[in-house]
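Trainee: Submitted below is the structure of interest, expressed as structure tokens.
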Amino acid sequence: MAERKSNELYNFNQALENLNLSVNAPGFISIGRVKRIVGLTIEAVGISAPIGGQCVIQARGSDNGLHAEVIGFDGDLVFLMPLDGIERISPGCRVTLRSEMARGCFSFALKGRVIDGLGRPIDGRPELDYDEQASFELGESNALARQNISEILDTGIKAIDSCFTFGKGQRMGLIAGSGVGKSVLLAMLAQNTPADVAVIALIGERGREVKEFVTETLGEEGLRKSVVIAEPVNASPVRRIKAAKLAHKIAEQYREQGKHVLLLMDSLTRVAHAQREIGLAIGEPPTTKGYPPSVFSLLPSLIERVGMGSASEGSISGFYTVLAENDDRSDPIVDISRASLDGQIMLSRKLADASHYPAIDLEGSISRVADKIVSEPHTLRARKLRRLWSLYRQNEDIIQIGAYEPGSNAELDLAIKLKPDIDKFLIQGEGDTFTLQQTMQELSFIESEKA
């Protein structure tokens with residue numbers, strides 16, 4: 001292995017060069033020049049490169065090259081999007097093809113580290129020693145080779161474990177508008193859910209939240225078993241997409257070792273926004289709410305990488321936060337997420353405004369594997385709880401104004417009677433955790449004599 005260079009060690013292209021990997025296929029022209037810049041898109045001529053190719057642009061008056069990725073082409077015109085800023089780029093700058101695909105390096109020494117979407121540490125700790133080649137795209141997989149979900153994964157959150165029991169290898173969405181508690185619920189899952197490795201992708205969020213999550217939510221103990229990949233909202237869209245793919249690849253590598261991996265992504269919507277920026281920049285036609293077709297291809301391909309492995313592998317259990325813009329549950333990203341995931345937890349602004357946390361709406365939430373992994377008594381209790389909750393919510397207005405006459409509906413009378421007990425059961429503090437056994441013991445009130 002060639003001697004590694006200091007500060008550029010963690011860049012994907014530099015890591016490839018240090019590992020002496022071939023970056024150009026025979027017959028490919030590797031050098032071109034910049035023709036013009038439109039927005040954040042750089043147009044180059046004289047270079048032949050495939051989609052996903054990694055290029056370096058030599059800026060005028062700079063010793064360091066600007067790394068960019070091929071995002072499209074039109075005839076001889078190649079569209080590039082930079083991984084960082086485009087300062088000092090001008091017409092005629094040299095463009096060199098370094099790699100034909102987004103390939104990089106992987107190390108099992110990543111646990112306990114915080115890296116960016118290019119694999120570079122941002123935690124100020126010693127350098128990483130990458131020693132394994134990896135492609136960050138999804139390889140071929142046989143759906144029938146995957147194991148079935150058969151084991152409960154205890155999340156420590158009563159509302160989820162009782163009504164929407166989560167299985168090891170399941171993919172679940174946390175769907176809500178802004179400021180309703182998605183990130184807090186994700187933090188509770190990170191603290192409470194057992195796993196060999198936790199891979200946490202913080203993509204497109206505020207930079208302030210990254211440090212808070214690492215230092216306050218995870219803490220030293222939680223970070224020791226975690227890999228955190230962070231690209232804030234001000235990062236280029238290419239880097240945000242890379243961060244999402246890198247997180248999934250890291251999770252897959254650990255799964256291949258037989259590990260149970262917990263993948264947490266905040267948020268899937270910001271990944272969609274990044275792909276929208278890229279798609280519109282190269283002329284894709286906008287569809288619903290301005291999202292181009294590539295968005296609706298990218299999200300399912302990412303989600304499908306998560307789940308059970310083969311008989312010799314472990315599993316990846318995934319939680320994705322999804323932003324319902326303007327609390328619109330018919331938002332196209334919400335729709336594609338619900339169609340691709342194995343269930344969703346819907347958060348309600350009305351409950352959050354009433355200080356009911358976590359603000360989980362039992363009416364809109366579902367786990368598609370719960371009935372297959374829990375006992376029949378558990379299923380019956382959960383259904384009864386959801387039925388009483390839904391019945392009360394549907395009649396809440398007439399109850400509040402005193403228009404309901406007790407005795408008119410025996411089931412509604414029971415829902416009104418148990419409403420305080422139901423709220424007490426569902427409300428949970430951020431630092432509280434409950435085992436599945438404790439949760440089911442508390443839920444026994446639903447079948448008590450007074451019920």
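Naming scheme: A, B, ... for chains in displayed order of the structure tokens; residues 1 onward per chain; ligands 1 onward as shown.
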Give me, as a PyMOL selection string, all polymer residues having an atom no more than 8 Å from A:Val322, counting only C-alpha atoms and skipping those fewer than 5 positions away in the same chain.

Mentor: chain A and resi 173-176+266-269+333-334+337

Trainee: Given the selection you just returned, output its residues as a file containing all heavy atoms, formatted as an mmCIF file, in the first residue's frame.

Mentor:
```
data_model
loop_
_atom_site.group_PDB
_atom_site.id
_atom_site.type_symbol
_atom_site.label_atom_id
_atom_site.label_comp_id
_atom_site.auth_asym_id
_atom_site.auth_seq_id
_atom_site.Cartn_x
_atom_site.Cartn_y
_atom_site.Cartn_z
ATOM 1 N N GLY A 173 -41.002 4.075 9.413
ATOM 2 C CA GLY A 173 -40.898 5.511 9.215
ATOM 3 C C GLY A 173 -41.488 6.267 10.388
ATOM 4 O O GLY A 173 -42.504 5.849 10.966
ATOM 5 N N LEU A 174 -40.859 7.361 10.771
ATOM 6 C CA LEU A 174 -41.385 8.277 11.789
ATOM 7 C C LEU A 174 -41.834 9.526 11.035
ATOM 8 O O LEU A 174 -41.005 10.328 10.602
ATOM 9 C CB LEU A 174 -40.316 8.616 12.829
ATOM 10 C CG LEU A 174 -39.599 7.436 13.493
ATOM 11 C CD1 LEU A 174 -38.552 7.934 14.471
ATOM 12 C CD2 LEU A 174 -40.595 6.521 14.191
ATOM 13 N N ILE A 175 -43.137 9.680 10.853
ATOM 14 C CA ILE A 175 -43.683 10.686 9.942
ATOM 15 C C ILE A 175 -44.396 11.785 10.712
ATOM 16 O O ILE A 175 -45.279 11.504 11.533
ATOM 17 C CB ILE A 175 -44.657 10.020 8.940
ATOM 18 C CG1 ILE A 175 -43.937 8.903 8.167
ATOM 19 C CG2 ILE A 175 -45.237 11.048 7.985
ATOM 20 C CD1 ILE A 175 -44.843 8.103 7.258
ATOM 21 N N ALA A 176 -44.031 13.030 10.436
ATOM 22 C CA ALA A 176 -44.666 14.169 11.122
ATOM 23 C C ALA A 176 -44.244 15.460 10.473
ATOM 24 O O ALA A 176 -43.288 15.506 9.684
ATOM 25 C CB ALA A 176 -44.299 14.190 12.606
ATOM 26 N N ASP A 266 -32.019 10.550 9.842
ATOM 27 C CA ASP A 266 -32.765 11.788 10.042
ATOM 28 C C ASP A 266 -32.202 12.810 9.043
ATOM 29 O O ASP A 266 -31.137 13.376 9.275
ATOM 30 C CB ASP A 266 -32.583 12.260 11.481
ATOM 31 C CG ASP A 266 -33.487 13.419 11.864
ATOM 32 O OD1 ASP A 266 -34.404 13.739 11.074
ATOM 33 O OD2 ASP A 266 -33.277 14.021 12.936
ATOM 34 N N SER A 267 -32.833 13.052 7.878
ATOM 35 C CA SER A 267 -34.133 12.532 7.571
ATOM 36 C C SER A 267 -34.157 12.066 6.108
ATOM 37 O O SER A 267 -33.358 12.532 5.279
ATOM 38 C CB SER A 267 -35.203 13.600 7.791
ATOM 39 O OG SER A 267 -35.158 14.577 6.784
ATOM 40 N N LEU A 268 -35.102 11.179 5.807
ATOM 41 C CA LEU A 268 -35.274 10.688 4.445
ATOM 42 C C LEU A 268 -35.740 11.803 3.513
ATOM 43 O O LEU A 268 -35.402 11.833 2.327
ATOM 44 C CB LEU A 268 -36.284 9.545 4.453
ATOM 45 C CG LEU A 268 -36.331 8.641 3.220
ATOM 46 C CD1 LEU A 268 -35.013 7.917 3.035
ATOM 47 C CD2 LEU A 268 -37.469 7.639 3.337
ATOM 48 N N THR A 269 -36.500 12.739 4.050
ATOM 49 C CA THR A 269 -36.995 13.854 3.238
ATOM 50 C C THR A 269 -35.852 14.735 2.742
ATOM 51 O O THR A 269 -35.878 15.215 1.605
ATOM 52 C CB THR A 269 -37.984 14.701 4.050
ATOM 53 O OG1 THR A 269 -39.034 13.855 4.528
ATOM 54 C CG2 THR A 269 -38.566 15.820 3.210
ATOM 55 N N ILE A 333 -43.437 12.479 -0.736
ATOM 56 C CA ILE A 333 -42.367 11.756 -0.053
ATOM 57 C C ILE A 333 -42.948 10.879 1.051
ATOM 58 O O ILE A 333 -42.483 9.758 1.288
ATOM 59 C CB ILE A 333 -41.312 12.726 0.504
ATOM 60 C CG1 ILE A 333 -40.741 13.582 -0.634
ATOM 61 C CG2 ILE A 333 -40.197 11.966 1.200
ATOM 62 C CD1 ILE A 333 -40.152 12.787 -1.783
ATOM 63 N N VAL A 334 -43.983 11.376 1.717
ATOM 64 C CA VAL A 334 -44.669 10.552 2.714
ATOM 65 C C VAL A 334 -45.298 9.340 2.043
ATOM 66 O O VAL A 334 -45.217 8.207 2.547
ATOM 67 C CB VAL A 334 -45.737 11.379 3.460
ATOM 68 C CG1 VAL A 334 -46.576 10.485 4.375
ATOM 69 C CG2 VAL A 334 -45.085 12.502 4.262
ATOM 70 N N SER A 337 -42.680 6.783 0.955
ATOM 71 C CA SER A 337 -42.089 6.165 2.144
ATOM 72 C C SER A 337 -43.024 5.112 2.725
ATOM 73 O O SER A 337 -42.599 3.998 3.053
ATOM 74 C CB SER A 337 -41.777 7.234 3.200
ATOM 75 O OG SER A 337 -40.869 8.192 2.700
#
```

Trainee: For the strand (DSSP E or B) assignment from backbone DSSP, which residues of stretch 37-82 of chain A qualify? Please present them as an NGL selection string.

Mentor: :A and (37-38 or 41-45 or 54-58 or 66-74 or 77-82)

Trainee: Please determine, counting only C-alpha atoms, which residue among A:His273, A:Lys182, A:Arg113, A:Arg381 has the shortest atom-to-atom distance to A:Leu218.

Mentor: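 Checking each of A:His273, A:Lys182, A:Arg113, A:Arg381 against A:Leu218, counting only C-alpha atoms, the winner is A:Arg113.
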
Trainee: Would you please work out which residue, of A:Gln257, A:Asn148, A:Ser340, A:Thr217, is nearest to A:Gln191 when using only C-alpha atoms?

Mentor: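 Checking each candidate against A:Gln191, we get A:Thr217 as the closest.
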
Trainee: Just the residues within 8 Å of stretch 421-428 of chain A, please, counting only C-alpha atoms, with nothing from its chain fewer than 4 positions along; format it as a list in words.

Mentor: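 Everything that qualifies: Ile157, Lys158, Ala159, His356, Tyr357, Pro358, Leu385, Trp389, Asp432, Glu442, Leu443 and Phe445 of chain A.
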
Trainee: List the neighbours of A:Arg60 out to 10 Å using only C-alpha atoms; skip same-chain residues closer than 3 positions along the sequence, and give me the result as a PyMOL selection string.

Mentor: chain A and resi 57+63-65+87-94

Trainee: Those residues you just picked out, can you put them in a file as an mmCIF file, in the first residue's frame with all heavy atoms?

Mentor:
```
data_model
loop_
_atom_site.group_PDB
_atom_site.id
_atom_site.type_symbol
_atom_site.label_atom_id
_atom_site.label_comp_id
_atom_site.auth_asym_id
_atom_site.auth_seq_id
_atom_site.Cartn_x
_atom_site.Cartn_y
_atom_site.Cartn_z
ATOM 1 N N ILE A 57 -11.310 18.775 -10.636
ATOM 2 C CA ILE A 57 -11.189 19.993 -11.440
ATOM 3 C C ILE A 57 -10.056 20.825 -10.863
ATOM 4 O O ILE A 57 -10.070 21.149 -9.663
ATOM 5 C CB ILE A 57 -12.505 20.793 -11.420
ATOM 6 C CG1 ILE A 57 -13.663 19.918 -11.923
ATOM 7 C CG2 ILE A 57 -12.382 22.062 -12.268
ATOM 8 C CD1 ILE A 57 -15.024 20.574 -11.759
ATOM 9 N N ASP A 63 -3.522 24.845 -5.575
ATOM 10 C CA ASP A 63 -2.779 23.599 -5.653
ATOM 11 C C ASP A 63 -3.685 22.383 -5.445
ATOM 12 O O ASP A 63 -3.344 21.273 -5.848
ATOM 13 C CB ASP A 63 -1.658 23.583 -4.603
ATOM 14 C CG ASP A 63 -0.599 24.648 -4.869
ATOM 15 O OD1 ASP A 63 -0.422 24.995 -6.046
ATOM 16 O OD2 ASP A 63 0.021 25.121 -3.903
ATOM 17 N N ASN A 64 -4.816 22.599 -4.781
ATOM 18 C CA ASN A 64 -5.728 21.488 -4.490
ATOM 19 C C ASN A 64 -6.837 21.429 -5.530
ATOM 20 O O ASN A 64 -7.420 22.445 -5.890
ATOM 21 C CB ASN A 64 -6.346 21.662 -3.096
ATOM 22 C CG ASN A 64 -5.303 21.637 -2.004
ATOM 23 O OD1 ASN A 64 -4.349 20.865 -2.067
ATOM 24 N ND2 ASN A 64 -5.485 22.481 -0.993
ATOM 25 N N GLY A 65 -7.127 20.227 -6.003
ATOM 26 C CA GLY A 65 -8.197 20.065 -6.964
ATOM 27 C C GLY A 65 -9.562 20.068 -6.293
ATOM 28 O O GLY A 65 -9.704 19.749 -5.107
ATOM 29 N N GLU A 87 -15.725 28.087 -5.939
ATOM 30 C CA GLU A 87 -14.870 29.262 -6.048
ATOM 31 C C GLU A 87 -13.611 28.938 -6.868
ATOM 32 O O GLU A 87 -13.080 27.831 -6.806
ATOM 33 C CB GLU A 87 -14.460 29.762 -4.659
ATOM 34 C CG GLU A 87 -15.591 30.357 -3.842
ATOM 35 C CD GLU A 87 -16.467 29.303 -3.196
ATOM 36 O OE1 GLU A 87 -16.074 28.112 -3.236
ATOM 37 O OE2 GLU A 87 -17.543 29.655 -2.682
ATOM 38 N N ARG A 88 -13.180 29.894 -7.631
ATOM 39 C CA ARG A 88 -11.965 29.840 -8.464
ATOM 40 C C ARG A 88 -12.111 28.940 -9.677
ATOM 41 O O ARG A 88 -11.147 28.714 -10.409
ATOM 42 C CB ARG A 88 -10.729 29.429 -7.639
ATOM 43 C CG ARG A 88 -10.359 30.413 -6.546
ATOM 44 C CD ARG A 88 -9.048 30.048 -5.885
ATOM 45 N NE ARG A 88 -9.080 28.699 -5.309
ATOM 46 C CZ ARG A 88 -9.561 28.424 -4.098
ATOM 47 N NH1 ARG A 88 -10.050 29.402 -3.352
ATOM 48 N NH2 ARG A 88 -9.554 27.185 -3.639
ATOM 49 N N ILE A 89 -13.298 28.399 -9.926
ATOM 50 C CA ILE A 89 -13.519 27.615 -11.143
ATOM 51 C C ILE A 89 -13.882 28.572 -12.273
ATOM 52 O O ILE A 89 -14.732 29.446 -12.119
ATOM 53 C CB ILE A 89 -14.653 26.589 -10.954
ATOM 54 C CG1 ILE A 89 -14.277 25.614 -9.844
ATOM 55 C CG2 ILE A 89 -14.911 25.840 -12.247
ATOM 56 C CD1 ILE A 89 -13.068 24.774 -10.136
ATOM 57 N N SER A 90 -13.249 28.410 -13.400
ATOM 58 C CA SER A 90 -13.489 29.283 -14.545
ATOM 59 C C SER A 90 -13.435 28.454 -15.829
ATOM 60 O O SER A 90 -12.943 27.318 -15.829
ATOM 61 C CB SER A 90 -12.440 30.407 -14.594
ATOM 62 O OG SER A 90 -11.139 29.861 -14.712
ATOM 63 N N PRO A 91 -13.929 28.994 -16.947
ATOM 64 C CA PRO A 91 -13.864 28.254 -18.224
ATOM 65 C C PRO A 91 -12.436 27.867 -18.574
ATOM 66 O O PRO A 91 -11.503 28.664 -18.427
ATOM 67 C CB PRO A 91 -14.438 29.255 -19.231
ATOM 68 C CG PRO A 91 -15.316 30.145 -18.410
ATOM 69 C CD PRO A 91 -14.634 30.279 -17.090
ATOM 70 N N GLY A 92 -12.259 26.657 -19.025
ATOM 71 C CA GLY A 92 -10.942 26.180 -19.426
ATOM 72 C C GLY A 92 -10.200 25.399 -18.361
ATOM 73 O O GLY A 92 -9.151 24.808 -18.654
ATOM 74 N N CYS A 93 -10.704 25.370 -17.102
ATOM 75 C CA CYS A 93 -10.039 24.601 -16.054
ATOM 76 C C CYS A 93 -10.007 23.116 -16.438
ATOM 77 O O CYS A 93 -10.978 22.581 -16.980
ATOM 78 C CB CYS A 93 -10.751 24.779 -14.715
ATOM 79 S SG CYS A 93 -10.490 26.384 -13.932
ATOM 80 N N ARG A 94 -8.919 22.454 -16.125
ATOM 81 C CA ARG A 94 -8.750 21.050 -16.496
ATOM 82 C C ARG A 94 -9.623 20.148 -15.620
ATOM 83 O O ARG A 94 -9.729 20.332 -14.415
ATOM 84 C CB ARG A 94 -7.291 20.635 -16.352
ATOM 85 C CG ARG A 94 -7.002 19.241 -16.885
ATOM 86 C CD ARG A 94 -5.538 18.911 -16.779
ATOM 87 N NE ARG A 94 -5.113 18.818 -15.380
ATOM 88 C CZ ARG A 94 -3.874 18.526 -14.991
ATOM 89 N NH1 ARG A 94 -2.936 18.373 -15.910
ATOM 90 N NH2 ARG A 94 -3.561 18.468 -13.719
#
```

Trainee: Just the residues within 7 Å of A:Phe164, please, counting only C-alpha atoms, with nothing from its chain fewer than 3 positions along; format it as a PyMOL selection string.

Mentor: chain A and resi 160-161+366-367+370

Trainee: Hey, what's within 12 Å of A:Arg33 if we count only C-alpha atoms and toss same-chain stuff fewer than 2 positions away? As a PDB file with N, CA and C atoms, in the first residue's frame, please?

Mentor:
```pdb
ATOM      1  N   ILE A  29     -11.335   8.589 -22.333  1.00  0.00           N
ATOM      2  CA  ILE A  29     -10.572   9.835 -22.319  1.00  0.00           C
ATOM      3  C   ILE A  29     -10.699  10.429 -20.930  1.00  0.00           C
ATOM      4  N   SER A  30      -9.590  10.701 -20.266  1.00  0.00           N
ATOM      5  CA  SER A  30      -9.632  11.050 -18.854  1.00  0.00           C
ATOM      6  C   SER A  30      -9.485  12.535 -18.573  1.00  0.00           C
ATOM      7  N   ILE A  31      -9.194  13.340 -19.593  1.00  0.00           N
ATOM      8  CA  ILE A  31      -8.948  14.756 -19.335  1.00  0.00           C
ATOM      9  C   ILE A  31      -9.825  15.615 -20.254  1.00  0.00           C
ATOM     10  N   LYS A  35     -16.452  24.082 -19.504  1.00  0.00           N
ATOM     11  CA  LYS A  35     -17.017  24.958 -20.523  1.00  0.00           C
ATOM     12  C   LYS A  35     -17.766  26.119 -19.889  1.00  0.00           C
ATOM     13  N   ARG A  36     -18.662  25.813 -18.935  1.00  0.00           N
ATOM     14  CA  ARG A  36     -19.384  26.881 -18.248  1.00  0.00           C
ATOM     15  C   ARG A  36     -19.995  26.330 -16.965  1.00  0.00           C
ATOM     16  N   ILE A  37     -20.486  27.239 -16.120  1.00  0.00           N
ATOM     17  CA  ILE A  37     -21.148  26.869 -14.871  1.00  0.00           C
ATOM     18  C   ILE A  37     -22.554  27.448 -14.885  1.00  0.00           C
ATOM     19  N   ILE A  42     -21.550  22.174 -13.182  1.00  0.00           N
ATOM     20  CA  ILE A  42     -20.388  22.486 -14.013  1.00  0.00           C
ATOM     21  C   ILE A  42     -20.490  21.669 -15.296  1.00  0.00           C
ATOM     22  N   GLU A  43     -20.421  22.330 -16.437  1.00  0.00           N
ATOM     23  CA  GLU A  43     -20.473  21.649 -17.733  1.00  0.00           C
ATOM     24  C   GLU A  43     -19.055  21.527 -18.285  1.00  0.00           C
ATOM     25  N   ALA A  44     -18.683  20.307 -18.651  1.00  0.00           N
ATOM     26  CA  ALA A  44     -17.331  20.043 -19.143  1.00  0.00           C
ATOM     27  C   ALA A  44     -17.394  19.379 -20.514  1.00  0.00           C
ATOM     28  N   VAL A  45     -16.374  19.613 -21.331  1.00  0.00           N
ATOM     29  CA  VAL A  45     -16.266  18.984 -22.646  1.00  0.00           C
ATOM     30  C   VAL A  45     -14.903  18.315 -22.753  1.00  0.00           C
ATOM     31  N   GLY A  46     -14.797  17.387 -23.713  1.00  0.00           N
ATOM     32  CA  GLY A  46     -13.526  16.721 -23.949  1.00  0.00           C
ATOM     33  C   GLY A  46     -13.243  15.561 -23.025  1.00  0.00           C
ATOM     34  N   ILE A  47     -14.187  15.207 -22.178  1.00  0.00           N
ATOM     35  CA  ILE A  47     -13.988  14.110 -21.238  1.00  0.00           C
ATOM     36  C   ILE A  47     -15.155  13.145 -21.358  1.00  0.00           C
ATOM     37  N   SER A  48     -14.869  11.867 -21.370  1.00  0.00           N
ATOM     38  CA  SER A  48     -15.911  10.849 -21.423  1.00  0.00           C
ATOM     39  C   SER A  48     -15.951  10.148 -20.074  1.00  0.00           C
ATOM     40  N   CYS A  55     -14.496  12.967 -10.533  1.00  0.00           N
ATOM     41  CA  CYS A  55     -13.554  13.815 -11.279  1.00  0.00           C
ATOM     42  C   CYS A  55     -12.889  14.819 -10.354  1.00  0.00           C
ATOM     43  N   VAL A  56     -11.772  15.352 -10.818  1.00  0.00           N
ATOM     44  CA  VAL A  56     -11.073  16.430 -10.122  1.00  0.00           C
ATOM     45  C   VAL A  56     -10.912  17.592 -11.082  1.00  0.00           C
ATOM     46  N   ILE A  57     -11.310  18.775 -10.636  1.00  0.00           N
ATOM     47  CA  ILE A  57     -11.189  19.993 -11.440  1.00  0.00           C
ATOM     48  C   ILE A  57     -10.056  20.825 -10.863  1.00  0.00           C
ATOM     49  N   GLN A  58      -9.097  21.143 -11.694  1.00  0.00           N
ATOM     50  CA  GLN A  58      -7.954  21.931 -11.236  1.00  0.00           C
ATOM     51  C   GLN A  58      -8.295  23.406 -11.339  1.00  0.00           C
ATOM     52  N   ALA A  59      -8.563  24.037 -10.186  1.00  0.00           N
ATOM     53  CA  ALA A  59      -8.936  25.454 -10.169  1.00  0.00           C
ATOM     54  C   ALA A  59      -7.707  26.330 -10.409  1.00  0.00           C
ATOM     55  N   ASP A  76     -21.721  15.382 -26.061  1.00  0.00           N
ATOM     56  CA  ASP A  76     -20.346  15.520 -25.589  1.00  0.00           C
ATOM     57  C   ASP A  76     -20.238  16.372 -24.328  1.00  0.00           C
ATOM     58  N   LEU A  77     -21.355  16.907 -23.873  1.00  0.00           N
ATOM     59  CA  LEU A  77     -21.359  17.771 -22.701  1.00  0.00           C
ATOM     60  C   LEU A  77     -21.598  16.926 -21.451  1.00  0.00           C
ATOM     61  N   VAL A  78     -20.683  17.009 -20.488  1.00  0.00           N
ATOM     62  CA  VAL A  78     -20.774  16.246 -19.243  1.00  0.00           C
ATOM     63  C   VAL A  78     -21.128  17.199 -18.109  1.00  0.00           C
ATOM     64  N   PHE A  79     -22.149  16.830 -17.312  1.00  0.00           N
ATOM     65  CA  PHE A  79     -22.587  17.652 -16.183  1.00  0.00           C
ATOM     66  C   PHE A  79     -21.955  17.140 -14.903  1.00  0.00           C
ATOM     67  N   LEU A  80     -21.292  18.035 -14.197  1.00  0.00           N
ATOM     68  CA  LEU A  80     -20.636  17.713 -12.934  1.00  0.00           C
ATOM     69  C   LEU A  80     -21.252  18.537 -11.818  1.00  0.00           C
ATOM     70  N   ILE A  89     -13.298  28.399  -9.926  1.00  0.00           N
ATOM     71  CA  ILE A  89     -13.519  27.615 -11.143  1.00  0.00           C
ATOM     72  C   ILE A  89     -13.882  28.572 -12.273  1.00  0.00           C
ATOM     73  N   SER A  90     -13.249  28.410 -13.400  1.00  0.00           N
ATOM     74  CA  SER A  90     -13.489  29.283 -14.545  1.00  0.00           C
ATOM     75  C   SER A  90     -13.435  28.454 -15.829  1.00  0.00           C
ATOM     76  N   PRO A  91     -13.929  28.994 -16.947  1.00  0.00           N
ATOM     77  CA  PRO A  91     -13.864  28.254 -18.224  1.00  0.00           C
ATOM     78  C   PRO A  91     -12.436  27.867 -18.574  1.00  0.00           C
ATOM     79  N   GLY A  92     -12.259  26.657 -19.025  1.00  0.00           N
ATOM     80  CA  GLY A  92     -10.942  26.180 -19.426  1.00  0.00           C
ATOM     81  C   GLY A  92     -10.200  25.399 -18.361  1.00  0.00           C
ATOM     82  N   CYS A  93     -10.704  25.370 -17.102  1.00  0.00           N
ATOM     83  CA  CYS A  93     -10.039  24.601 -16.054  1.00  0.00           C
ATOM     84  C   CYS A  93     -10.007  23.116 -16.438  1.00  0.00           C
ATOM     85  N   ARG A  94      -8.919  22.454 -16.125  1.00  0.00           N
ATOM     86  CA  ARG A  94      -8.750  21.050 -16.496  1.00  0.00           C
ATOM     87  C   ARG A  94      -9.623  20.148 -15.620  1.00  0.00           C
ATOM     88  N   VAL A  95     -10.252  19.149 -16.262  1.00  0.00           N
ATOM     89  CA  VAL A  95     -11.086  18.166 -15.568  1.00  0.00           C
ATOM     90  C   VAL A  95     -10.485  16.793 -15.809  1.00  0.00           C
ATOM     91  N   THR A  96     -10.213  16.055 -14.751  1.00  0.00           N
ATOM     92  CA  THR A  96      -9.596  14.737 -14.857  1.00  0.00           C
ATOM     93  C   THR A  96     -10.511  13.685 -14.232  1.00  0.00           C
ATOM     94  N   LEU A  97     -10.756  12.612 -14.960  1.00  0.00           N
ATOM     95  CA  LEU A  97     -11.534  11.493 -14.435  1.00  0.00           C
ATOM     96  C   LEU A  97     -10.646  10.650 -13.529  1.00  0.00           C
TER      97      LEU A  97
END
```

Trainee: What's around A:Gly279 at 10 Å? Count only C-alpha atoms, leave out sequence neighbours fewer than 4 positions away in its own chain, and write the answer as a list in words.

Mentor: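 So, after excluding close chain neighbours, the residues are Ile71, Gly72, His273, Ala274, Gln275, Gly283, Glu284, Pro285, Pro286, Tyr291, Pro292, Pro293, Ser294 and Val295 of chain A.
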
Trainee: Determine the nearest neighbour of A:Ser365 from the options A:Pro82, A:Thr165, A:Leu185, A:Val227, counting only C-alpha atoms.

Mentor: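 Nearest to A:Ser365: A:Thr165.
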
Trainee: Write out as a PyMOL selection string all residues of stretch 2-207 of chain A that backbone DSSP assigns to alpha helix (DSSP H).

Mentor: chain A and resi 12-18+158-163+182-192+207
